[in-house]
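> Could you have a look at this structure, given as structure tokens, before my questions?
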Amino acid sequence: AGAGAGAGAGAGAGAVAPVKPAETTADPGKKEKVRYKYPLSAIHILKAHGKSSLESHLIDGGFAINAQRAAQGMPTAVESTPDGQPVKIAMLDMNLQRHRMAMGVQVIVKDPAEIENIKKREMDITKERIRKIIDAGARVVLTTKGVDDLCMKYFVEAGVIAARRCNKDDLKRLAKATGGKVVTTMADMEGNETFDADCLGTCNAVREERIGDGEMIYAYGCGGGGASTIVLRGANEYMLDEMDRALHDSLCVVKRMLESNTLVPGGGAVEAALSVHLEEFATTLESREQLAIQEYADALLVIPK
């Protein structure tokens with residue numbers, strides 16, 4: 001019984017830890033009682049094949065994303081500078097590929113030399129975009145779209161980690177965890193292309209680590225708040241799915257407990273307590289009504305039995 005209680009306490013603590021960072025208030029400006037919310041969508045669950053289920057872990061104060069470097073020449077880790085400058089992360093929802101003319105645009109060229117100038121200008125537009133992102137201070141660039149070889153060359157030369165085809169929902173969670181924003185376009189109100197440094201997220205370190213069959217990008221010491229990551233390990237996909245469902249049930253229980261600050265015990269405890277209460281109430285009656293109440297109290301015990 002002691003071992004079972006210890007395991008239950010450990011599982012409970014494991015479920016509470018990732019829920020607490022997701023704490024938000026409904027309206028902190030009001031003077032009435034503050035109600036806290038714990039959105040489970042802020043908890044990022046990653047499933048990786050291999051090792052034992054006991055190797056599953058919570059990344060404390062960090063975030064993991066299922067992506068890898070776009071090129072081998074990029075660094076595997078980026079740390080904060082010795083003077084305390086954090087690592088800045090750019091999260092993009094746009095293509096980082098060579099600029100091409102839009103569909104339906106027709107260009108009539110009489111001089112063949114102008115074709116080379118057009119191609120060169122297309123490359124320069126891409127280079128200017130990447131330069132603006134790097135000049136803003138970004139040392140890690142994550143995008144939901146593609147990154148072609150031309151762009152990779154500039155990132156490799158600048159020593160920047162770039163990852164492509166990232167999940168958009170994962171980037172939104174990462175933006176929340178690092179205090180940044182997902183950028184969908186670089187166009188400003190004047191029609192020019194700029195990159196706002198305020199959209200960059202911050203953390204202490206970003207590393208690419210091998211987990212199971214592939215690589216994942218870990219962000220440690222995130223500067224924002226409200227998001228956390230659980231990495232599940234298991235032998236196969238079926239086991240990981242089962243663990244994911246069980247963990248989701250535990251997280252829902254913790255969420256309800258923290259939001260309502262009340263707990264209803266399960267396992268038939270409520271029905272047993274009602275039965276005891278009705279039996280005591282039946283003894284206070286002097287008529288034959290107590291027999292009906294007694295029978296109802298016995299009927300309630302069918303559920304826990």
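Residue numbering restarts at 1 for every chain of the structure tokens, chains are lettered A, B, ... in their displayed order, and ligands are numbered from 1 as they appear.
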Dump as a tab-separated table the rows for residues of region 60-161 of chain A within 10 Å of region 209-214 of chain A: closest atom pair and distance in Å with one decimal, only C-alpha atoms counted, ordered by chain and rising residue number.


```
residue	atom	partner	partner_atom	distance
A:Ala64	CA	A:Glu209	CA	9.8
A:Asn66	CA	A:Gly214	CA	8.8
A:Ala67	CA	A:Gly214	CA	8.8
A:Gln68	CA	A:Gly214	CA	8.3
A:Thr76	CA	A:Glu209	CA	8.0
A:Ala77	CA	A:Glu209	CA	9.0
```

> Mind writing the picked residues with all heavy atoms as an mmCIF file, in the first residue's frame?


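Wrote it out as again06.cif, contents follow:
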```cif
data_model
loop_
_atom_site.group_PDB
_atom_site.id
_atom_site.type_symbol
_atom_site.label_atom_id
_atom_site.label_comp_id
_atom_site.auth_asym_id
_atom_site.auth_seq_id
_atom_site.Cartn_x
_atom_site.Cartn_y
_atom_site.Cartn_z
ATOM 1 N N ALA A 64 11.075 22.168 -26.288
ATOM 2 C CA ALA A 64 11.645 21.322 -27.341
ATOM 3 C C ALA A 64 10.733 21.356 -28.550
ATOM 4 O O ALA A 64 9.504 21.396 -28.416
ATOM 5 C CB ALA A 64 11.814 19.888 -26.849
ATOM 6 N N ASN A 66 10.194 19.582 -32.543
ATOM 7 C CA ASN A 66 10.582 18.457 -33.396
ATOM 8 C C ASN A 66 11.062 18.976 -34.752
ATOM 9 O O ASN A 66 10.333 18.994 -35.734
ATOM 10 C CB ASN A 66 9.397 17.500 -33.564
ATOM 11 C CG ASN A 66 9.821 16.161 -34.144
ATOM 12 O OD1 ASN A 66 11.021 15.907 -34.314
ATOM 13 N ND2 ASN A 66 8.866 15.320 -34.442
ATOM 14 N N ALA A 67 12.311 19.445 -34.788
ATOM 15 C CA ALA A 67 12.910 19.974 -36.010
ATOM 16 C C ALA A 67 14.417 19.784 -35.915
ATOM 17 O O ALA A 67 14.952 19.464 -34.848
ATOM 18 C CB ALA A 67 12.560 21.444 -36.191
ATOM 19 N N GLN A 68 15.105 19.982 -37.028
ATOM 20 C CA GLN A 68 16.555 19.855 -37.033
ATOM 21 C C GLN A 68 17.155 20.913 -37.948
ATOM 22 O O GLN A 68 16.446 21.559 -38.719
ATOM 23 C CB GLN A 68 16.986 18.469 -37.478
ATOM 24 C CG GLN A 68 16.526 18.075 -38.874
ATOM 25 C CD GLN A 68 16.819 16.623 -39.185
ATOM 26 O OE1 GLN A 68 16.499 15.731 -38.410
ATOM 27 N NE2 GLN A 68 17.422 16.388 -40.339
ATOM 28 N N THR A 76 25.685 23.319 -33.905
ATOM 29 C CA THR A 76 24.718 22.456 -33.212
ATOM 30 C C THR A 76 24.216 23.097 -31.926
ATOM 31 O O THR A 76 23.216 22.651 -31.370
ATOM 32 C CB THR A 76 25.358 21.101 -32.877
ATOM 33 O OG1 THR A 76 26.543 21.325 -32.107
ATOM 34 C CG2 THR A 76 25.714 20.334 -34.141
ATOM 35 N N ALA A 77 24.905 24.128 -31.451
ATOM 36 C CA ALA A 77 24.495 24.790 -30.203
ATOM 37 C C ALA A 77 24.825 26.273 -30.272
ATOM 38 O O ALA A 77 25.840 26.668 -30.847
ATOM 39 C CB ALA A 77 25.188 24.149 -29.004
#
```

> Region 142-261 of chain A: which residues are alpha helix (DSSP H) by DSSP, as a PyMOL selection string?

chain A and resi 149-158+168-178+237-260

> Please produce an output containing C-alpha atoms for each residue in the selection, written as a PDB file, in the first residue's frame.


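Final output, saved to result08.pdb:
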```pdb
ATOM      1  CA  ASP A 149      20.264  26.485 -50.563  1.00  0.00           C
ATOM      2  CA  LEU A 150      20.856  30.165 -51.302  1.00  0.00           C
ATOM      3  CA  CYS A 151      19.437  31.224 -47.924  1.00  0.00           C
ATOM      4  CA  MET A 152      21.245  28.426 -46.094  1.00  0.00           C
ATOM      5  CA  LYS A 153      24.552  29.777 -47.402  1.00  0.00           C
ATOM      6  CA  TYR A 154      23.957  33.141 -45.697  1.00  0.00           C
ATOM      7  CA  PHE A 155      22.856  31.502 -42.430  1.00  0.00           C
ATOM      8  CA  VAL A 156      25.900  29.207 -42.372  1.00  0.00           C
ATOM      9  CA  GLU A 157      28.231  32.168 -42.947  1.00  0.00           C
ATOM     10  CA  ALA A 158      26.581  34.074 -40.063  1.00  0.00           C
ATOM     11  CA  LYS A 168       2.951  26.184 -36.731  1.00  0.00           C
ATOM     12  CA  ASP A 169       1.285  25.242 -33.422  1.00  0.00           C
ATOM     13  CA  ASP A 170       4.695  24.362 -31.974  1.00  0.00           C
ATOM     14  CA  LEU A 171       6.047  27.766 -33.028  1.00  0.00           C
ATOM     15  CA  LYS A 172       3.099  29.508 -31.345  1.00  0.00           C
ATOM     16  CA  ARG A 173       3.852  27.653 -28.105  1.00  0.00           C
ATOM     17  CA  LEU A 174       7.562  28.471 -28.438  1.00  0.00           C
ATOM     18  CA  ALA A 175       6.692  32.142 -29.007  1.00  0.00           C
ATOM     19  CA  LYS A 176       4.685  32.107 -25.780  1.00  0.00           C
ATOM     20  CA  ALA A 177       7.499  30.384 -23.892  1.00  0.00           C
ATOM     21  CA  THR A 178      10.217  32.767 -25.134  1.00  0.00           C
ATOM     22  CA  GLU A 237       4.046   4.210 -31.463  1.00  0.00           C
ATOM     23  CA  TYR A 238       1.203   2.313 -29.724  1.00  0.00           C
ATOM     24  CA  MET A 239       2.881   2.573 -26.334  1.00  0.00           C
ATOM     25  CA  LEU A 240       3.569   6.299 -26.834  1.00  0.00           C
ATOM     26  CA  ASP A 241      -0.067   6.930 -27.819  1.00  0.00           C
ATOM     27  CA  GLU A 242      -1.288   5.092 -24.716  1.00  0.00           C
ATOM     28  CA  MET A 243       1.091   7.091 -22.510  1.00  0.00           C
ATOM     29  CA  ASP A 244      -0.088  10.313 -24.164  1.00  0.00           C
ATOM     30  CA  ARG A 245      -3.750   9.508 -23.395  1.00  0.00           C
ATOM     31  CA  ALA A 246      -2.983   8.547 -19.788  1.00  0.00           C
ATOM     32  CA  LEU A 247      -0.918  11.712 -19.283  1.00  0.00           C
ATOM     33  CA  HIS A 248      -3.697  13.858 -20.784  1.00  0.00           C
ATOM     34  CA  ASP A 249      -6.168  12.388 -18.265  1.00  0.00           C
ATOM     35  CA  SER A 250      -3.792  13.228 -15.402  1.00  0.00           C
ATOM     36  CA  LEU A 251      -3.244  16.766 -16.699  1.00  0.00           C
ATOM     37  CA  CYS A 252      -7.028  17.315 -16.962  1.00  0.00           C
ATOM     38  CA  VAL A 253      -7.474  16.227 -13.320  1.00  0.00           C
ATOM     39  CA  VAL A 254      -4.728  18.605 -12.161  1.00  0.00           C
ATOM     40  CA  LYS A 255      -6.186  21.434 -14.291  1.00  0.00           C
ATOM     41  CA  ARG A 256      -9.667  21.011 -12.759  1.00  0.00           C
ATOM     42  CA  MET A 257      -8.227  20.764  -9.250  1.00  0.00           C
ATOM     43  CA  LEU A 258      -6.136  23.936  -9.612  1.00  0.00           C
ATOM     44  CA  GLU A 259      -8.929  25.951 -11.258  1.00  0.00           C
ATOM     45  CA  SER A 260     -11.779  24.994  -8.892  1.00  0.00           C
TER      46      SER A 260
END
```

> Hey, what's within 7 Å of region 200-206 of chain A if we count only C-alpha atoms and toss same-chain stuff fewer than 3 positions away? As a list in words, please?

Ala77, Val78, Glu79, Ser80, Pro86, Val87, Lys88, Ile89, Ala90, Ala175, Thr178, Gly179, Gly180, Lys181, Ala197, Ile217, Tyr218, Ala219, Tyr220, Gly221, Cys222 and Gly223 of chain A

> Emit the selected residues as a CSV table (one decimal), in the first residue's frame, including all heavy atoms.


```csv
chain,number,residue,atom,x,y,z
A,77,ALA,N,24.9,24.1,-31.5
A,77,ALA,CA,24.5,24.8,-30.2
A,77,ALA,C,24.8,26.3,-30.3
A,77,ALA,O,25.8,26.7,-30.8
A,77,ALA,CB,25.2,24.1,-29.0
A,78,VAL,N,23.9,27.1,-29.7
A,78,VAL,CA,24.2,28.5,-29.6
A,78,VAL,C,23.9,28.9,-28.1
A,78,VAL,O,22.8,28.6,-27.6
A,78,VAL,CB,23.2,29.3,-30.5
A,78,VAL,CG1,23.4,30.8,-30.3
A,78,VAL,CG2,23.4,28.9,-32.0
A,79,GLU,N,24.9,29.5,-27.5
A,79,GLU,CA,24.8,29.8,-26.1
A,79,GLU,C,24.7,31.4,-25.9
A,79,GLU,O,25.1,32.1,-26.9
A,79,GLU,CB,26.1,29.3,-25.3
A,79,GLU,CG,26.4,27.8,-25.6
A,79,GLU,CD,25.5,26.9,-24.7
A,79,GLU,OE1,24.9,27.4,-23.8
A,79,GLU,OE2,25.4,25.7,-25.1
A,80,SER,N,24.3,31.8,-24.7
A,80,SER,CA,24.3,33.2,-24.5
A,80,SER,C,25.7,33.8,-24.4
A,80,SER,O,26.6,33.0,-24.0
A,80,SER,CB,23.5,33.5,-23.2
A,80,SER,OG,24.1,32.8,-22.1
A,86,PRO,N,21.2,37.3,-24.1
A,86,PRO,CA,20.5,36.0,-24.4
A,86,PRO,C,20.5,35.6,-25.8
A,86,PRO,O,20.8,36.5,-26.7
A,86,PRO,CB,19.1,36.2,-23.8
A,86,PRO,CG,18.9,37.7,-24.0
A,86,PRO,CD,20.2,38.4,-23.8
A,87,VAL,N,20.2,34.4,-26.1
A,87,VAL,CA,20.0,33.9,-27.5
A,87,VAL,C,18.7,34.4,-28.0
A,87,VAL,O,17.6,34.2,-27.3
A,87,VAL,CB,20.1,32.4,-27.6
A,87,VAL,CG1,19.9,31.9,-29.0
A,87,VAL,CG2,21.5,31.9,-27.1
A,88,LYS,N,18.6,35.0,-29.2
A,88,LYS,CA,17.4,35.5,-29.7
A,88,LYS,C,16.9,34.6,-30.8
A,88,LYS,O,17.7,34.2,-31.7
A,88,LYS,CB,17.5,37.0,-30.2
A,88,LYS,CG,17.8,37.9,-29.1
A,88,LYS,CD,17.9,39.4,-29.6
A,88,LYS,CE,18.1,40.3,-28.4
A,88,LYS,NZ,18.1,41.7,-28.8
A,89,ILE,N,15.6,34.3,-30.8
A,89,ILE,CA,15.0,33.3,-31.8
A,89,ILE,C,14.0,34.1,-32.6
A,89,ILE,O,13.1,34.7,-32.1
A,89,ILE,CB,14.3,32.2,-31.0
A,89,ILE,CG1,15.3,31.5,-30.0
A,89,ILE,CG2,13.8,31.2,-32.0
A,89,ILE,CD1,14.7,30.5,-29.1
A,90,ALA,N,14.1,33.9,-33.9
A,90,ALA,CA,13.1,34.5,-34.9
A,90,ALA,C,12.2,33.3,-35.3
A,90,ALA,O,12.7,32.3,-35.8
A,90,ALA,CB,13.8,35.1,-36.1
A,175,ALA,N,6.8,30.7,-29.1
A,175,ALA,CA,6.7,32.1,-29.0
A,175,ALA,C,6.2,32.6,-27.6
A,175,ALA,O,6.7,33.5,-27.0
A,175,ALA,CB,5.8,32.7,-30.1
A,178,THR,N,9.0,31.9,-25.0
A,178,THR,CA,10.2,32.8,-25.1
A,178,THR,C,9.9,34.3,-25.1
A,178,THR,O,10.8,35.1,-25.1
A,178,THR,CB,11.0,32.5,-26.4
A,178,THR,OG1,10.2,32.6,-27.6
A,178,THR,CG2,11.6,31.0,-26.4
A,179,GLY,N,8.6,34.6,-25.1
A,179,GLY,CA,8.2,36.0,-25.1
A,179,GLY,C,8.3,36.7,-26.5
A,179,GLY,O,8.4,37.9,-26.5
A,180,GLY,N,8.3,35.9,-27.6
A,180,GLY,CA,8.3,36.5,-28.9
A,180,GLY,C,7.0,36.4,-29.6
A,180,GLY,O,6.0,36.1,-29.0
A,181,LYS,N,7.1,36.6,-31.0
A,181,LYS,CA,5.9,36.6,-31.8
A,181,LYS,C,6.2,35.8,-33.1
A,181,LYS,O,7.3,35.9,-33.6
A,181,LYS,CB,5.4,38.0,-32.1
A,181,LYS,CG,4.9,38.8,-31.0
A,181,LYS,CD,4.5,40.2,-31.4
A,181,LYS,CE,4.1,41.0,-30.2
A,181,LYS,NZ,3.8,42.4,-30.6
A,197,ALA,N,12.7,43.9,-34.0
A,197,ALA,CA,13.5,43.1,-33.0
A,197,ALA,C,12.6,42.7,-31.8
A,197,ALA,O,12.9,41.8,-31.1
A,197,ALA,CB,14.7,43.9,-32.5
A,217,ILE,N,15.4,20.2,-31.5
A,217,ILE,CA,16.0,21.5,-31.1
A,217,ILE,C,15.4,21.8,-29.7
A,217,ILE,O,14.2,21.9,-29.6
A,217,ILE,CB,15.7,22.6,-32.1
A,217,ILE,CG1,16.5,22.3,-33.4
A,217,ILE,CG2,16.1,23.9,-31.6
A,217,ILE,CD1,16.3,23.2,-34.5
A,218,TYR,N,16.3,22.0,-28.7
A,218,TYR,CA,15.9,22.3,-27.4
A,218,TYR,C,16.3,23.8,-27.1
A,218,TYR,O,17.4,24.2,-27.4
A,218,TYR,CB,16.7,21.4,-26.4
A,218,TYR,CG,16.2,20.0,-26.2
A,218,TYR,CD1,16.2,19.1,-27.2
A,218,TYR,CD2,15.6,19.7,-25.0
A,218,TYR,CE1,15.7,17.8,-27.0
A,218,TYR,CE2,15.1,18.4,-24.8
A,218,TYR,CZ,15.1,17.5,-25.8
A,218,TYR,OH,14.7,16.2,-25.7
A,219,ALA,N,15.3,24.5,-26.5
A,219,ALA,CA,15.6,25.9,-26.0
A,219,ALA,C,15.6,25.8,-24.5
A,219,ALA,O,14.6,25.5,-23.9
A,219,ALA,CB,14.5,26.8,-26.6
A,220,TYR,N,16.7,26.2,-23.9
A,220,TYR,CA,16.8,26.2,-22.4
A,220,TYR,C,16.7,27.6,-21.8
A,220,TYR,O,17.2,28.6,-22.5
A,220,TYR,CB,18.1,25.5,-22.0
A,220,TYR,CG,18.2,24.1,-22.4
A,220,TYR,CD1,18.9,23.7,-23.5
A,220,TYR,CD2,17.6,23.1,-21.6
A,220,TYR,CE1,19.0,22.3,-23.8
A,220,TYR,CE2,17.7,21.8,-21.9
A,220,TYR,CZ,18.4,21.4,-23.1
A,220,TYR,OH,18.5,20.1,-23.4
A,221,GLY,N,16.1,27.7,-20.6
A,221,GLY,CA,16.1,29.0,-20.0
A,221,GLY,C,15.2,30.0,-20.7
A,221,GLY,O,15.7,31.1,-21.0
A,222,CYS,N,14.0,29.7,-21.1
A,222,CYS,CA,13.2,30.6,-21.9
A,222,CYS,C,12.8,31.8,-21.2
A,222,CYS,O,12.6,31.8,-20.0
A,222,CYS,CB,11.9,29.8,-22.4
A,222,CYS,SG,12.2,28.5,-23.5
A,223,GLY,N,12.8,33.0,-21.9
A,223,GLY,CA,12.6,34.3,-21.3
A,223,GLY,C,11.2,34.6,-21.0
A,223,GLY,O,10.9,35.5,-20.3
```

> Using only C-alpha atoms, can you tell me which of A:Val264, A:Leu142, A:Ala162, A:Leu46 comes closest to Met94 (chain A)?

A:Leu142

> Within 8 Å of Ala136 (chain A), counting only C-alpha atoms, which residues qualify if same-chain residues fewer than 2 places away don't, as a list in words?

Lys132, Ile133, Ile134, Ala138, Phe195, Asp196 and Ala197 of chain A

> Mind writing the picked residues with C-alpha atoms as a short mmCIF file (atom, residue, chain, number, x, y, z; two decimals), in the first residue's frame?


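Output saved as part34.cif:
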```
data_model
loop_
_atom_site.label_atom_id
_atom_site.label_comp_id
_atom_site.auth_asym_id
_atom_site.auth_seq_id
_atom_site.Cartn_x
_atom_site.Cartn_y
_atom_site.Cartn_z
CA LYS A 132 17.53 42.25 -41.80
CA ILE A 133 16.63 39.19 -39.70
CA ILE A 134 20.27 38.63 -38.67
CA ALA A 138 18.45 36.61 -34.39
CA PHE A 195 12.07 43.11 -39.17
CA ASP A 196 10.99 44.23 -35.70
CA ALA A 197 13.46 43.11 -33.01
#
```

> Write out as a ChimeraX atom specification all residues of region 39-197 of chain A that backbone DSSP assigns to strand (DSSP E).

/A:43-49,57-59,62-65,77-79,87-92,140-143,161-163,182-183

> Take CA of Arg233 (chain A) and CA of Lys47 (chain A) and report the distance between them in Å, one decimal.

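Interatomic distance here is 6.3 Å.
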
> May I ask for the distance between CA of Leu58 (chain A) and CA of Ser228 (chain A), given in Å to one decimal place?

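If I compute the distance from CA of Leu58 (chain A) to CA of Ser228 (chain A), I get 7.8 Å.
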
> So that I can check the surroundings of Leu278 (chain A), please list as number ranges by chain every protein, DNA and RNA residue that reaches within 8 Å of it, counting only C-alpha atoms and ignoring chain neighbours fewer than 4 positions away.

A: 274, 282, 293-294, 297
